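I have placed the structure first, in the form of structure tokens, so that the comments after it can refer back to it.
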Amino acid sequence: MNIGILALQGAFAEHGTVLDHLGIEHFEIRQRQDIERSFDALILPGGESTVISKLLRDLELLEPLAEKIENGLPVFGTCAGLILLAREVEGGVSCFGCMDISVKRNAYGRQLGSFYTEAEFHGLGRVPMTFIRAPYIRSVGSQAQALAMVDGQIVAAKQGSMLVTAFHPELTDNLAIHEYFLKMIKN
Ligand code: GLN
């Protein structure tokens, strides 16, 4: 298995470190030619969704990646990556727009919105969750399923082979969420 990690801006290196711990091959996607090889899944990291979205367009990566996702390439979006996948974005613009969720950007406030908590994740028990100027999911459409809640708000969801978390599992030493994604890829 080989996983492409979008490496235009943000916390992409940390996902590579997690995949190293799990013994999974990965590579960074920085330009168009990087996606000419074949790969089994894509990770969209946290960062600034507006910046990543602009770079995706400028580097002509948006369309080919959208096409791959539409054709079933499994994708895992954390934080800004979640925003990029959402169909509807309050306080921002949708980018791939392929996931049937409506999200609120910078939902916990711009400056003081970073916090750590632990909460139930569907089928995994309690997992550590680090939030940094995070969005939350206002609602999931009929195609998507909520996987975790914090303070009454949805913070993780899946739809087919798409997984999103408002928090950053790559910033804790808990590997459970990445393992969950690997299982989704194998199915
Ligand atoms: N606030 C960022 C955005 O709107 C997301 C923050 C993050 O990815 N940690 O894109």
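Going through the structure tokens in order, the chains are called A, B, and so on, while each chain numbers its residues from 1 and the ligands are numbered from 1 in the order shown.
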
Name the residues, by chain letter and number, that sit within 6 Å of ligand 1 using only C-alpha atoms and all ligand atoms, and give them as a VMD selection string.
chain A and resid 46 to 50 79 to 80 105 to 106 132 to 134

If you keep N, CA, C and O atoms, can you produce a file of those selected residues as a compact mmCIF listing (two decimals), in the first residue's frame?
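out19.txt was written with the following content:
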# COMPACT_ATOMS: atom_id res chain seq x y z
N GLY A 46 -4.15 19.12 7.95
CA GLY A 46 -4.59 20.39 8.50
C GLY A 46 -3.66 21.49 8.04
O GLY A 46 -2.54 21.23 7.58
N GLY A 47 -4.12 22.71 8.19
CA GLY A 47 -3.34 23.87 7.76
C GLY A 47 -4.33 25.01 7.59
O GLY A 47 -5.24 25.15 8.38
N GLU A 48 -4.19 25.77 6.53
CA GLU A 48 -5.15 26.83 6.22
C GLU A 48 -5.88 26.41 4.95
O GLU A 48 -5.27 26.35 3.86
N SER A 49 -7.16 26.12 5.08
CA SER A 49 -7.90 25.60 3.92
C SER A 49 -7.92 26.59 2.76
O SER A 49 -7.88 26.18 1.59
N THR A 50 -7.94 27.90 3.05
CA THR A 50 -7.95 28.89 1.96
C THR A 50 -6.65 28.81 1.17
O THR A 50 -6.64 28.87 -0.06
N CYS A 79 -9.00 18.36 9.79
CA CYS A 79 -9.15 19.80 10.03
C CYS A 79 -9.31 20.58 8.71
O CYS A 79 -10.37 20.50 8.09
N ALA A 80 -8.31 21.29 8.24
CA ALA A 80 -8.45 21.98 6.95
C ALA A 80 -8.82 20.98 5.86
O ALA A 80 -9.59 21.29 4.94
N ARG A 105 -16.45 26.78 9.67
CA ARG A 105 -15.01 26.99 9.76
C ARG A 105 -14.68 27.83 11.00
O ARG A 105 -15.47 28.68 11.39
N ASN A 106 -13.48 27.65 11.56
CA ASN A 106 -13.05 28.39 12.75
C ASN A 106 -14.18 28.44 13.79
O ASN A 106 -14.47 29.48 14.37
N ILE A 132 -7.17 22.56 16.71
CA ILE A 132 -6.45 23.83 16.49
C ILE A 132 -7.26 24.68 15.51
O ILE A 132 -7.35 24.34 14.32
N ARG A 133 -7.85 25.75 16.02
CA ARG A 133 -8.70 26.62 15.18
C ARG A 133 -9.57 25.76 14.26
O ARG A 133 -9.61 25.95 13.05
N ALA A 134 -10.23 24.82 14.89
CA ALA A 134 -10.88 23.75 14.14
C ALA A 134 -12.28 24.12 13.66
O ALA A 134 -12.93 25.00 14.23

Go through range 55-162 of chain A and collect every residue that DSSP, computed from the backbone, puts in alpha helix (DSSP H); the answer should be as a ChimeraX atom specification.
/A:55-58,62-70,80-85

Neighbouring residues of Ser139 in chain A were defined as those with any atom within 10 Å, considering only C-alpha atoms; residues of the same chain fewer than 2 positions away were excluded. Please report them as a JSON list (two decimals) with all heavy atoms, in the first residue's frame.
[["chain", "number", "residue", "atom", "x", "y", "z"],
["A", 88, "GLU", "N", -20.55, 21.96, 1.92],
["A", 88, "GLU", "CA", -20.97, 23.31, 2.30],
["A", 88, "GLU", "C", -20.08, 23.82, 3.42],
["A", 88, "GLU", "O", -19.84, 23.10, 4.39],
["A", 88, "GLU", "CB", -22.42, 23.21, 2.81],
["A", 88, "GLU", "CG", -23.19, 24.48, 2.71],
["A", 88, "GLU", "CD", -24.63, 24.24, 3.15],
["A", 88, "GLU", "OE1", -25.38, 23.61, 2.37],
["A", 88, "GLU", "OE2", -24.96, 24.62, 4.29],
["A", 100, "ASP", "N", -20.87, 14.85, 1.75],
["A", 100, "ASP", "CA", -22.20, 15.34, 2.08],
["A", 100, "ASP", "C", -22.28, 15.83, 3.53],
["A", 100, "ASP", "O", -23.03, 15.31, 4.34],
["A", 100, "ASP", "CB", -23.18, 14.18, 1.84],
["A", 100, "ASP", "CG", -24.62, 14.65, 1.78],
["A", 100, "ASP", "OD1", -24.82, 15.88, 1.69],
["A", 100, "ASP", "OD2", -25.51, 13.79, 1.84],
["A", 101, "ILE", "N", -21.46, 16.85, 3.82],
["A", 101, "ILE", "CA", -21.46, 17.42, 5.18],
["A", 101, "ILE", "C", -21.43, 18.94, 5.07],
["A", 101, "ILE", "O", -20.93, 19.49, 4.09],
["A", 101, "ILE", "CB", -20.23, 16.96, 6.02],
["A", 101, "ILE", "CG1", -18.91, 17.28, 5.30],
["A", 101, "ILE", "CG2", -20.32, 15.47, 6.35],
["A", 101, "ILE", "CD1", -17.66, 16.99, 6.11],
["A", 102, "SER", "N", -21.99, 19.57, 6.09],
["A", 102, "SER", "CA", -21.98, 21.02, 6.15],
["A", 102, "SER", "C", -21.11, 21.41, 7.34],
["A", 102, "SER", "O", -21.33, 20.92, 8.45],
["A", 102, "SER", "CB", -23.42, 21.49, 6.30],
["A", 102, "SER", "OG", -23.42, 22.83, 6.67],
["A", 103, "VAL", "N", -20.10, 22.24, 7.13],
["A", 103, "VAL", "CA", -19.17, 22.54, 8.22],
["A", 103, "VAL", "C", -19.11, 24.03, 8.53],
["A", 103, "VAL", "O", -19.38, 24.86, 7.67],
["A", 103, "VAL", "CB", -17.72, 22.02, 7.92],
["A", 103, "VAL", "CG1", -17.75, 20.59, 7.43],
["A", 103, "VAL", "CG2", -17.00, 22.90, 6.93],
["A", 104, "LYS", "N", -18.75, 24.30, 9.77],
["A", 104, "LYS", "CA", -18.53, 25.68, 10.18],
["A", 104, "LYS", "C", -17.04, 25.84, 10.40],
["A", 104, "LYS", "O", -16.44, 25.12, 11.20],
["A", 104, "LYS", "CB", -19.30, 25.97, 11.46],
["A", 104, "LYS", "CG", -19.17, 27.39, 11.99],
["A", 104, "LYS", "CD", -20.17, 27.58, 13.12],
["A", 104, "LYS", "CE", -19.82, 28.72, 14.05],
["A", 104, "LYS", "NZ", -19.99, 30.04, 13.45],
["A", 136, "TYR", "N", -16.21, 22.54, 13.02],
["A", 136, "TYR", "CA", -16.99, 21.35, 13.37],
["A", 136, "TYR", "C", -18.01, 21.10, 12.28],
["A", 136, "TYR", "O", -18.20, 21.95, 11.39],
["A", 136, "TYR", "CB", -17.59, 21.41, 14.77],
["A", 136, "TYR", "CG", -18.55, 22.52, 15.11],
["A", 136, "TYR", "CD1", -19.75, 22.68, 14.43],
["A", 136, "TYR", "CD2", -18.27, 23.39, 16.17],
["A", 136, "TYR", "CE1", -20.63, 23.69, 14.76],
["A", 136, "TYR", "CE2", -19.15, 24.40, 16.50],
["A", 136, "TYR", "CZ", -20.33, 24.55, 15.79],
["A", 136, "TYR", "OH", -21.18, 25.54, 16.13],
["A", 137, "ILE", "N", -18.62, 19.93, 12.33],
["A", 137, "ILE", "CA", -19.58, 19.56, 11.30],
["A", 137, "ILE", "C", -20.97, 19.89, 11.82],
["A", 137, "ILE", "O", -21.40, 19.37, 12.83],
["A", 137, "ILE", "CB", -19.44, 18.05, 10.97],
["A", 137, "ILE", "CG1", -18.02, 17.75, 10.50],
["A", 137, "ILE", "CG2", -20.47, 17.65, 9.91],
["A", 137, "ILE", "CD1", -17.70, 16.27, 10.34],
["A", 141, "GLY", "N", -25.26, 14.82, 5.75],
["A", 141, "GLY", "CA", -26.36, 14.46, 4.86],
["A", 141, "GLY", "C", -26.62, 12.96, 4.94],
["A", 141, "GLY", "O", -25.95, 12.23, 5.68],
["A", 142, "SER", "N", -27.57, 12.50, 4.14],
["A", 142, "SER", "CA", -27.99, 11.10, 4.22],
["A", 142, "SER", "C", -26.87, 10.14, 3.80],
["A", 142, "SER", "O", -26.86, 8.98, 4.20],
["A", 142, "SER", "CB", -29.22, 10.88, 3.35],
["A", 142, "SER", "OG", -28.91, 11.25, 2.03],
["A", 144, "ALA", "N", -23.67, 10.47, 4.55],
["A", 144, "ALA", "CA", -22.55, 10.46, 5.49],
["A", 144, "ALA", "C", -22.99, 10.00, 6.88],
["A", 144, "ALA", "O", -24.18, 10.00, 7.20],
["A", 144, "ALA", "CB", -21.94, 11.86, 5.57],
["A", 145, "GLN", "N", -22.01, 9.61, 7.69],
["A", 145, "GLN", "CA", -22.28, 9.11, 9.02],
["A", 145, "GLN", "C", -21.39, 9.82, 10.03],
["A", 145, "GLN", "O", -20.17, 9.92, 9.82],
["A", 145, "GLN", "CB", -21.96, 7.59, 9.02],
["A", 145, "GLN", "CG", -22.17, 6.89, 10.33],
["A", 145, "GLN", "CD", -21.51, 5.51, 10.36],
["A", 145, "GLN", "OE1", -21.00, 5.01, 9.35],
["A", 145, "GLN", "NE2", -21.51, 4.90, 11.52],
["A", 146, "ALA", "N", -21.99, 10.31, 11.12],
["A", 146, "ALA", "CA", -21.20, 10.95, 12.18],
["A", 146, "ALA", "C", -20.48, 9.88, 12.99],
["A", 146, "ALA", "O", -21.03, 8.82, 13.26],
["A", 146, "ALA", "CB", -22.12, 11.77, 13.08],
["A", 153, "GLN", "N", -21.29, 18.72, 19.28],
["A", 153, "GLN", "CA", -21.01, 18.98, 17.86],
["A", 153, "GLN", "C", -20.29, 17.78, 17.24],
["A", 153, "GLN", "O", -19.46, 17.14, 17.89],
["A", 153, "GLN", "CB", -20.11, 20.21, 17.69],
["A", 153, "GLN", "CG", -20.60, 21.46, 18.41],
["A", 153, "GLN", "CD", -21.88, 22.03, 17.83],
["A", 153, "GLN", "OE1", -22.34, 21.60, 16.76],
["A", 153, "GLN", "NE2", -22.46, 22.99, 18.51],
["A", 154, "ILE", "N", -20.59, 17.54, 15.97],
["A", 154, "ILE", "CA", -19.95, 16.42, 15.27],
["A", 154, "ILE", "C", -18.53, 16.80, 14.88],
["A", 154, "ILE", "O", -18.29, 17.85, 14.28],
["A", 154, "ILE", "CB", -20.74, 16.05, 13.99],
["A", 154, "ILE", "CG1", -22.20, 15.77, 14.34],
["A", 154, "ILE", "CG2", -20.11, 14.86, 13.28],
["A", 154, "ILE", "CD1", -23.12, 15.72, 13.11],
["A", 157, "ALA", "N", -16.54, 12.18, 10.74],
["A", 157, "ALA", "CA", -17.58, 11.56, 9.92],
["A", 157, "ALA", "C", -16.94, 10.74, 8.82],
["A", 157, "ALA", "O", -15.75, 10.90, 8.51],
["A", 157, "ALA", "CB", -18.48, 12.64, 9.32]]

DSSP says strand (DSSP E) for which residues of range 9-130 of chain A? Put them as a VMD selection string?
chain A and resid 25 to 29 41 to 44 75 to 78 86 to 90 99 to 104 115 to 121 125 to 130

Based on the selection just made, write N, CA and C atoms of those residues as a short mmCIF file (atom, residue, chain, number, x, y, z; two decimals), in the first residue's frame.
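Listed below is the output, result.cif:
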data_model
loop_
_atom_site.label_atom_id
_atom_site.label_comp_id
_atom_site.auth_asym_id
_atom_site.auth_seq_id
_atom_site.Cartn_x
_atom_site.Cartn_y
_atom_site.Cartn_z
N GLU A 25 3.94 2.65 3.49
CA GLU A 25 4.67 3.48 2.53
C GLU A 25 3.88 4.74 2.21
N HIS A 26 4.57 5.84 2.04
CA HIS A 26 3.87 7.09 1.69
C HIS A 26 4.80 8.01 0.91
N PHE A 27 4.20 9.00 0.27
CA PHE A 27 5.01 9.99 -0.45
C PHE A 27 4.26 11.32 -0.42
N GLU A 28 5.01 12.41 -0.71
CA GLU A 28 4.39 13.74 -0.64
C GLU A 28 3.93 14.18 -2.02
N ILE A 29 2.75 14.78 -2.04
CA ILE A 29 2.23 15.33 -3.30
C ILE A 29 2.44 16.84 -3.27
N ALA A 41 -4.43 5.68 -1.58
CA ALA A 41 -5.23 6.57 -0.74
C ALA A 41 -4.54 7.92 -0.66
N LEU A 42 -5.32 8.90 -0.20
CA LEU A 42 -4.84 10.29 -0.13
C LEU A 42 -5.11 10.84 1.27
N ILE A 43 -4.15 11.60 1.79
CA ILE A 43 -4.38 12.32 3.05
C ILE A 43 -4.34 13.82 2.78
N LEU A 44 -5.37 14.53 3.24
CA LEU A 44 -5.41 15.99 3.14
C LEU A 44 -5.18 16.52 4.56
N VAL A 75 -9.90 8.76 0.90
CA VAL A 75 -9.28 10.03 1.31
C VAL A 75 -9.58 10.29 2.79
N PHE A 76 -8.57 10.79 3.48
CA PHE A 76 -8.67 11.13 4.90
C PHE A 76 -8.31 12.61 5.05
N GLY A 77 -9.26 13.41 5.50
CA GLY A 77 -9.02 14.84 5.67
C GLY A 77 -9.05 15.21 7.13
N THR A 78 -7.98 15.87 7.62
CA THR A 78 -7.97 16.34 9.00
C THR A 78 -8.08 17.86 9.01
N ALA A 86 -15.72 19.17 2.30
CA ALA A 86 -17.14 19.41 2.61
C ALA A 86 -17.90 20.04 1.45
N ARG A 87 -19.18 19.66 1.36
CA ARG A 87 -20.04 20.22 0.31
C ARG A 87 -20.40 21.67 0.63
N GLU A 88 -20.55 21.96 1.92
CA GLU A 88 -20.97 23.31 2.30
C GLU A 88 -20.08 23.82 3.42
N VAL A 89 -19.57 25.05 3.28
CA VAL A 89 -18.65 25.60 4.28
C VAL A 89 -19.14 26.96 4.74
N GLU A 90 -19.49 27.06 6.01
CA GLU A 90 -19.86 28.37 6.56
C GLU A 90 -18.57 29.10 6.95
N MET A 99 -18.07 15.69 -0.18
CA MET A 99 -18.61 14.97 0.96
C MET A 99 -19.88 15.66 1.45
N ASP A 100 -20.87 14.85 1.75
CA ASP A 100 -22.20 15.34 2.08
C ASP A 100 -22.28 15.83 3.53
N ILE A 101 -21.46 16.85 3.82
CA ILE A 101 -21.46 17.42 5.18
C ILE A 101 -21.43 18.94 5.07
N SER A 102 -21.99 19.57 6.09
CA SER A 102 -21.98 21.02 6.15
C SER A 102 -21.11 21.41 7.34
N VAL A 103 -20.10 22.24 7.13
CA VAL A 103 -19.17 22.54 8.22
C VAL A 103 -19.11 24.03 8.53
N LYS A 104 -18.75 24.30 9.77
CA LYS A 104 -18.53 25.68 10.18
C LYS A 104 -17.04 25.84 10.40
N PHE A 115 -7.63 23.41 21.73
CA PHE A 115 -7.82 22.68 22.98
C PHE A 115 -7.63 21.19 22.76
N TYR A 116 -7.48 20.48 23.88
CA TYR A 116 -7.28 19.03 23.86
C TYR A 116 -8.41 18.40 24.65
N THR A 117 -8.92 17.29 24.16
CA THR A 117 -9.93 16.56 24.93
C THR A 117 -9.85 15.08 24.57
N GLU A 118 -10.66 14.28 25.24
CA GLU A 118 -10.78 12.87 24.86
C GLU A 118 -12.26 12.60 24.70
N ALA A 119 -12.63 11.86 23.67
CA ALA A 119 -14.06 11.58 23.45
C ALA A 119 -14.20 10.25 22.72
N GLU A 120 -15.42 9.72 22.78
CA GLU A 120 -15.76 8.45 22.11
C GLU A 120 -15.66 8.62 20.60
N PHE A 121 -15.06 7.65 19.96
CA PHE A 121 -15.04 7.60 18.49
C PHE A 121 -15.69 6.28 18.12
N GLY A 125 -13.79 3.46 21.09
CA GLY A 125 -13.72 3.90 22.48
C GLY A 125 -13.22 5.33 22.54
N ARG A 126 -12.63 5.70 23.67
CA ARG A 126 -12.19 7.09 23.83
C ARG A 126 -10.84 7.29 23.14
N VAL A 127 -10.74 8.37 22.38
CA VAL A 127 -9.45 8.68 21.74
C VAL A 127 -9.08 10.13 22.06
N PRO A 128 -7.76 10.41 22.11
CA PRO A 128 -7.33 11.78 22.35
C PRO A 128 -7.57 12.65 21.11
N MET A 129 -7.97 13.88 21.33
CA MET A 129 -8.29 14.77 20.22
C MET A 129 -7.70 16.16 20.44
N THR A 130 -6.86 16.58 19.52
CA THR A 130 -6.26 17.91 19.58
C THR A 130 -6.92 18.81 18.53
#

Nearest to Ile5 in chain A, chosen from A:Pro45, A:Ala66, A:Leu59, A:Thr17, with only C-alpha atoms counted in the distances
A:Pro45

When you look at Leu175 in chain A with a cut-off of 12 Å (counting only C-alpha atoms), what residues show up, excluding the ones that are within fewer than 5 positions of it in the same chain? I need them as an MDAnalysis selection string.
chainID A and resid 14:15 17:23 124 127:129 168:170 180:182

Deliver the residues from the most recent selection as a file, using C-alpha atoms, as a short mmCIF file (atom, residue, chain, number, x, y, z; two decimals), in the first residue's frame.
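Result file follows (again-v8.cif):
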data_model
loop_
_atom_site.label_atom_id
_atom_site.label_comp_id
_atom_site.auth_asym_id
_atom_site.auth_seq_id
_atom_site.Cartn_x
_atom_site.Cartn_y
_atom_site.Cartn_z
CA GLU A 14 3.22 14.56 10.99
CA HIS A 15 0.98 12.26 8.96
CA THR A 17 5.52 10.10 10.85
CA VAL A 18 2.33 8.25 11.86
CA LEU A 19 2.44 6.16 8.68
CA ASP A 20 6.12 5.37 9.39
CA HIS A 21 5.08 4.04 12.81
CA LEU A 22 2.45 1.90 11.12
CA GLY A 23 4.93 0.64 8.51
CA LEU A 124 -12.80 2.76 18.98
CA VAL A 127 -9.45 8.68 21.74
CA PRO A 128 -7.33 11.78 22.35
CA MET A 129 -8.29 14.77 20.22
CA HIS A 168 -5.58 16.30 14.52
CA PRO A 169 -4.91 12.60 15.26
CA GLU A 170 -1.43 13.05 13.76
CA TYR A 180 -9.26 3.03 11.25
CA PHE A 181 -8.57 4.70 7.88
CA LEU A 182 -6.26 1.85 6.82
#

Of the listed residues A:Gln33, A:Thr172, A:Ser161, A:Gln9, that which approaches Cys98 in chain A most closely, counting only C-alpha atoms:
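The closest residue to Cys98 in chain A is A:Ser161.
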
Can you pull out the residues contacting Cys95 in chain A? Cut-off 8 Å, using only C-alpha atoms, and skip same-chain residues under 5 positions away; I want them as a ChimeraX atom specification.
/A:53,83-86

To one decimal place in Å, what is the distance between CA of Pro64 in chain A and CA of Lys158 in chain A?
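These atoms are spaced 21.8 Å apart.
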
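Reported to one decimal place, the separation of CA of Leu61 in chain A from CA of Gly160 in chain A is 22.3 Å.
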
Proximity to Val93 in chain A - best of A:Ile52, A:Val140, A:Ile177, A:Val164, only C-alpha atoms
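Checking each of A:Ile52, A:Val140, A:Ile177, A:Val164 against Val93 in chain A, counting only C-alpha atoms, the winner is A:Ile52.
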
Pick the closest to Ala176 in chain A from A:Leu56, A:Asp151, A:Ala7, A:Gly123: which is it, counting only C-alpha atoms?
A:Gly123

Between CA of Gly109 in chain A and CA of Gly91 in chain A, what is the spacing in Å?
11.6 Å

With distances taken over only C-alpha atoms, which of A:Ser94, A:Ile185, A:Lys54, A:Phe167 is nearest to Met1 in chain A?
A:Ile185
